[in-house]
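A.B. asks: Next up, query-v4.pdb (PDB, C-alpha atoms).
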```
ATOM      1  CA  MET A   1      -1.906  87.907  11.543  1.00  0.00           C
ATOM      2  CA  SER A   2       0.136  88.270  14.695  1.00  0.00           C
ATOM      3  CA  GLU A   3       3.883  88.757  14.666  1.00  0.00           C
ATOM      4  CA  GLU A   4       4.369  85.490  16.587  1.00  0.00           C
ATOM      5  CA  ARG A   5       2.388  83.595  13.965  1.00  0.00           C
ATOM      6  CA  LEU A   6       4.438  85.148  11.148  1.00  0.00           C
ATOM      7  CA  ILE A   7       7.656  84.116  12.901  1.00  0.00           C
ATOM      8  CA  LEU A   8       6.320  80.567  13.265  1.00  0.00           C
ATOM      9  CA  LYS A   9       5.366  80.448   9.578  1.00  0.00           C
ATOM     10  CA  GLY A  10       8.837  81.635   8.603  1.00  0.00           C
ATOM     11  CA  LYS A  11      10.466  78.999  10.779  1.00  0.00           C
ATOM     12  CA  TYR A  12       8.075  76.400   9.365  1.00  0.00           C
ATOM     13  CA  LEU A  13       9.043  77.216   5.786  1.00  0.00           C
ATOM     14  CA  ASP A  14      12.735  77.197   6.694  1.00  0.00           C
ATOM     15  CA  LEU A  15      12.425  73.770   8.327  1.00  0.00           C
ATOM     16  CA  LYS A  16      10.545  72.374   5.340  1.00  0.00           C
ATOM     17  CA  GLN A  17      13.392  73.472   3.053  1.00  0.00           C
ATOM     18  CA  LYS A  18      15.968  71.950   5.398  1.00  0.00           C
ATOM     19  CA  ARG A  19      13.980  68.702   5.353  1.00  0.00           C
ATOM     20  CA  ILE A  20      14.096  68.646   1.554  1.00  0.00           C
ATOM     21  CA  ASP A  21      17.838  69.377   1.544  1.00  0.00           C
ATOM     22  CA  LEU A  22      18.533  66.615   4.065  1.00  0.00           C
ATOM     23  CA  SER A  23      16.412  64.174   2.105  1.00  0.00           C
ATOM     24  CA  LEU A  24      18.480  64.865  -1.004  1.00  0.00           C
ATOM     25  CA  GLN A  25      21.734  64.452   0.937  1.00  0.00           C
ATOM     26  CA  ILE A  26      20.572  61.150   2.423  1.00  0.00           C
ATOM     27  CA  ASN A  27      19.531  59.847  -1.004  1.00  0.00           C
ATOM     28  CA  THR A  28      22.915  60.849  -2.429  1.00  0.00           C
ATOM     29  CA  GLN A  29      24.714  58.935   0.320  1.00  0.00           C
ATOM     30  CA  ILE A  30      22.559  55.857  -0.241  1.00  0.00           C
ATOM     31  CA  LYS A  31      23.184  55.921  -4.004  1.00  0.00           C
ATOM     32  CA  SER A  32      26.933  56.242  -3.396  1.00  0.00           C
ATOM     33  CA  ILE A  33      26.840  53.254  -1.041  1.00  0.00           C
ATOM     34  CA  LYS A  34      24.909  51.226  -3.622  1.00  0.00           C
ATOM     35  CA  ASN A  35      27.423  52.122  -6.326  1.00  0.00           C
ATOM     36  CA  LEU A  36      30.387  51.111  -4.177  1.00  0.00           C
ATOM     37  CA  LEU A  37      28.748  47.822  -3.262  1.00  0.00           C
ATOM     38  CA  ALA A  38      27.742  47.113  -6.862  1.00  0.00           C
ATOM     39  CA  ALA A  39      31.336  47.670  -7.979  1.00  0.00           C
ATOM     40  CA  SER A  40      32.493  45.279  -5.284  1.00  0.00           C
ATOM     41  CA  SER A  41      30.787  42.385  -7.052  1.00  0.00           C
ATOM     42  CA  VAL A  42      33.358  42.567  -9.850  1.00  0.00           C
ATOM     43  CA  SER A  43      36.347  43.795  -7.834  1.00  0.00           C
ATOM     44  CA  PRO A  44      38.884  41.760  -5.927  1.00  0.00           C
ATOM     45  CA  ILE A  45      38.167  41.718  -2.192  1.00  0.00           C
ATOM     46  CA  ALA A  46      41.363  43.635  -1.449  1.00  0.00           C
ATOM     47  CA  GLU A  47      40.088  46.558  -3.556  1.00  0.00           C
ATOM     48  CA  ILE A  48      36.650  46.875  -1.952  1.00  0.00           C
ATOM     49  CA  ASP A  49      36.337  50.173  -0.084  1.00  0.00           C
ATOM     50  CA  LEU A  50      34.407  48.996   2.971  1.00  0.00           C
ATOM     51  CA  GLU A  51      35.770  51.882   5.025  1.00  0.00           C
ATOM     52  CA  GLY A  52      34.225  54.275   2.515  1.00  0.00           C
ATOM     53  CA  VAL A  53      30.913  52.434   2.670  1.00  0.00           C
ATOM     54  CA  ALA A  54      30.971  52.528   6.472  1.00  0.00           C
ATOM     55  CA  ALA A  55      31.776  56.254   6.508  1.00  0.00           C
ATOM     56  CA  MET A  56      28.942  57.015   4.084  1.00  0.00           C
ATOM     57  CA  ALA A  57      26.515  54.874   6.079  1.00  0.00           C
ATOM     58  CA  THR A  58      27.483  56.699   9.268  1.00  0.00           C
ATOM     59  CA  GLU A  59      26.975  60.057   7.577  1.00  0.00           C
ATOM     60  CA  ALA A  60      23.603  58.932   6.193  1.00  0.00           C
ATOM     61  CA  ARG A  61      22.574  57.782   9.692  1.00  0.00           C
ATOM     62  CA  ASP A  62      23.568  61.147  11.184  1.00  0.00           C
ATOM     63  CA  LEU A  63      21.689  63.022   8.472  1.00  0.00           C
ATOM     64  CA  LYS A  64      18.626  60.854   9.102  1.00  0.00           C
ATOM     65  CA  MET A  65      18.727  61.740  12.800  1.00  0.00           C
ATOM     66  CA  LYS A  66      18.707  65.449  11.869  1.00  0.00           C
ATOM     67  CA  TYR A  67      15.930  64.765   9.367  1.00  0.00           C
ATOM     68  CA  MET A  68      13.785  63.093  12.032  1.00  0.00           C
ATOM     69  CA  GLU A  69      14.357  65.993  14.453  1.00  0.00           C
ATOM     70  CA  ILE A  70      13.251  68.447  11.781  1.00  0.00           C
ATOM     71  CA  CYS A  71      10.157  66.347  11.008  1.00  0.00           C
ATOM     72  CA  HIS A  72       9.285  66.461  14.710  1.00  0.00           C
ATOM     73  CA  ASP A  73       9.783  70.248  14.808  1.00  0.00           C
ATOM     74  CA  ILE A  74       7.625  70.687  11.696  1.00  0.00           C
ATOM     75  CA  ALA A  75       4.808  68.635  13.217  1.00  0.00           C
ATOM     76  CA  LYS A  76       5.016  70.691  16.398  1.00  0.00           C
ATOM     77  CA  ILE A  77       4.777  73.980  14.480  1.00  0.00           C
ATOM     78  CA  GLU A  78       1.903  72.658  12.362  1.00  0.00           C
ATOM     79  CA  LYS A  79       0.015  71.873  15.545  1.00  0.00           C
ATOM     80  CA  ASP A  80       0.781  75.338  16.927  1.00  0.00           C
ATOM     81  CA  LEU A  81      -0.449  76.992  13.734  1.00  0.00           C
ATOM     82  CA  GLU A  82      -3.824  75.199  13.786  1.00  0.00           C
TER      83      GLU A  82
END
```
If you took the structure in this file and wrote it as C-alpha coordinates, what would it be?
C.D. replies:
Amino acid sequence: MSEERLILKGKYLDLKQKRIDLSLQINTQIKSIKNLLAASSVSPIAEIDLEGVAAMATEARDLKMKYMEICHDIAKIEKDLE
(Lines of atoms letter the chains of each structure in order from A and count residues from 1; the text may use other names and numbers.)
(Lines give C-alpha, C1' and ligand atoms only; values in the text may rest on other atoms or scores of the structure.)
Protein backbone atom coordinates (compact mmCIF):
# COMPACT_ATOMS: atom_id res chain seq x y z
CA MET A 1 0.00 0.00 0.00
CA SER A 2 1.38 3.37 -0.97
CA GLU A 3 2.27 6.03 1.57
CA GLU A 4 -0.32 8.40 0.06
CA ARG A 5 -3.04 5.78 0.49
CA LEU A 6 -2.03 5.19 4.12
CA ILE A 7 -2.21 8.93 4.80
CA LEU A 8 -5.68 9.05 3.22
CA LYS A 9 -6.84 6.10 5.33
CA GLY A 10 -5.56 7.79 8.48
CA LYS A 11 -7.35 11.01 7.60
CA TYR A 12 -10.48 9.01 6.78
CA LEU A 13 -10.50 7.32 10.18
CA ASP A 14 -9.87 10.64 11.92
CA LEU A 15 -12.77 12.28 10.08
CA LYS A 16 -15.09 9.39 10.91
CA GLN A 17 -14.30 9.83 14.61
CA LYS A 18 -14.87 13.58 14.37
CA ARG A 19 -18.22 12.88 12.71
CA ILE A 20 -19.23 10.64 15.61
CA ASP A 21 -18.11 13.25 18.16
CA LEU A 22 -20.04 16.01 16.40
CA SER A 23 -23.12 13.84 16.18
CA LEU A 24 -23.02 13.29 19.93
CA GLN A 25 -22.55 17.02 20.57
CA ILE A 26 -25.48 17.90 18.30
CA ASN A 27 -27.72 15.34 20.02
CA THR A 28 -26.74 16.74 23.42
CA GLN A 29 -27.67 20.26 22.32
CA ILE A 30 -31.01 19.07 20.95
CA LYS A 31 -31.84 17.21 24.17
CA SER A 32 -30.95 20.30 26.22
CA ILE A 33 -33.23 22.43 24.04
CA LYS A 34 -36.06 19.91 24.45
CA ASN A 35 -35.60 19.90 28.22
CA LEU A 36 -35.69 23.69 28.44
CA LEU A 37 -38.80 23.86 26.29
CA ALA A 38 -40.51 21.07 28.23
CA ALA A 39 -39.86 22.92 31.48
CA SER A 40 -41.33 26.05 29.94
CA SER A 41 -44.76 24.41 29.79
CA VAL A 42 -45.01 24.56 33.59
CA SER A 43 -42.97 27.73 34.19
CA PRO A 44 -44.15 31.31 34.19
CA ILE A 45 -43.32 33.09 30.93
CA ALA A 46 -40.93 35.45 32.70
CA GLU A 47 -38.81 32.46 33.79
CA ILE A 48 -38.48 30.80 30.38
CA ASP A 49 -34.87 30.89 29.18
CA LEU A 50 -35.44 31.63 25.49
CA GLU A 51 -31.99 33.18 25.20
CA GLY A 52 -30.51 29.88 26.35
CA VAL A 53 -32.61 27.97 23.84
CA ALA A 54 -31.55 30.33 21.06
CA ALA A 55 -27.87 30.01 22.01
CA MET A 56 -28.08 26.21 22.05
CA ALA A 57 -29.90 26.17 18.71
CA THR A 58 -27.22 28.40 17.19
CA GLU A 59 -24.49 26.13 18.52
CA ALA A 60 -26.30 23.04 17.21
CA ARG A 61 -26.63 24.72 13.79
CA ASP A 62 -22.91 25.53 13.73
CA LEU A 63 -22.01 21.99 14.75
CA LYS A 64 -24.28 20.63 12.01
CA MET A 65 -22.47 22.76 9.43
CA LYS A 66 -19.15 21.24 10.56
CA TYR A 67 -20.76 17.80 10.52
CA MET A 68 -21.93 18.26 6.92
CA GLU A 69 -18.46 19.45 5.84
CA ILE A 70 -16.91 16.36 7.41
CA CYS A 71 -19.48 14.10 5.70
CA HIS A 72 -18.52 15.70 2.38
CA ASP A 73 -14.80 15.18 3.09
CA ILE A 74 -15.42 11.54 4.05
CA ALA A 75 -17.32 10.89 0.83
CA LYS A 76 -14.51 12.49 -1.16
CA ILE A 77 -11.87 10.30 0.51
CA GLU A 78 -14.00 7.18 0.04
CA LYS A 79 -14.16 7.93 -3.66
CA ASP A 80 -10.39 8.48 -3.77
CA LEU A 81 -9.76 5.18 -2.00
CA GLU A 82 -11.85 3.15 -4.46
A.B. asks: So which residues touch Glu51 of chain A within 12 Å, counting only C-alpha atoms, skipping near sequence neighbours fewer than 4 positions away, as a list of chain:residue names?
C.D. replies: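 Once the adjacent positions are removed, what remains is A:Ile33, A:Leu36, A:Leu37, A:Ala46, A:Glu47, A:Ala55, A:Met56, A:Ala57, A:Thr58.
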A.B. asks: Please evaluate the PyMOL selection byres ((chain A and resi 32) around 12) against the displayed coordinates and give the resulting residues as number ranges by chain.
C.D. replies: A: 25-31, 33-39, 49, 52-57, 59-60
A.B. asks: Atom CA of Ile7 of chain A and atom CA of Cys71 of chain A, how far apart in Å?
C.D. replies: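 Pair atom CA of Cys71 of chain A / atom CA of Ile7 of chain A returns 18.0 Å.
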A.B. asks: For a quick check of understanding, using only C-alpha atoms, which of A:Gly10, A:Ser23, A:Arg5, A:Gln17 has the smallest distance to Met65 of chain A?
C.D. replies: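 Closest candidate: A:Ser23.
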A.B. asks: So for segment 69-78 of chain A, what box centre and size do we get, axis-aligned, 8 Å extra on each of the six sides, every listed atom, Å to one decimal, as AutoDock Vina command-line options?
C.D. replies:
```
--center_x 8.1 --center_y 70.0 --center_z 13.7 --size_x 28.5 --size_y 24.0 --size_z 21.4
```
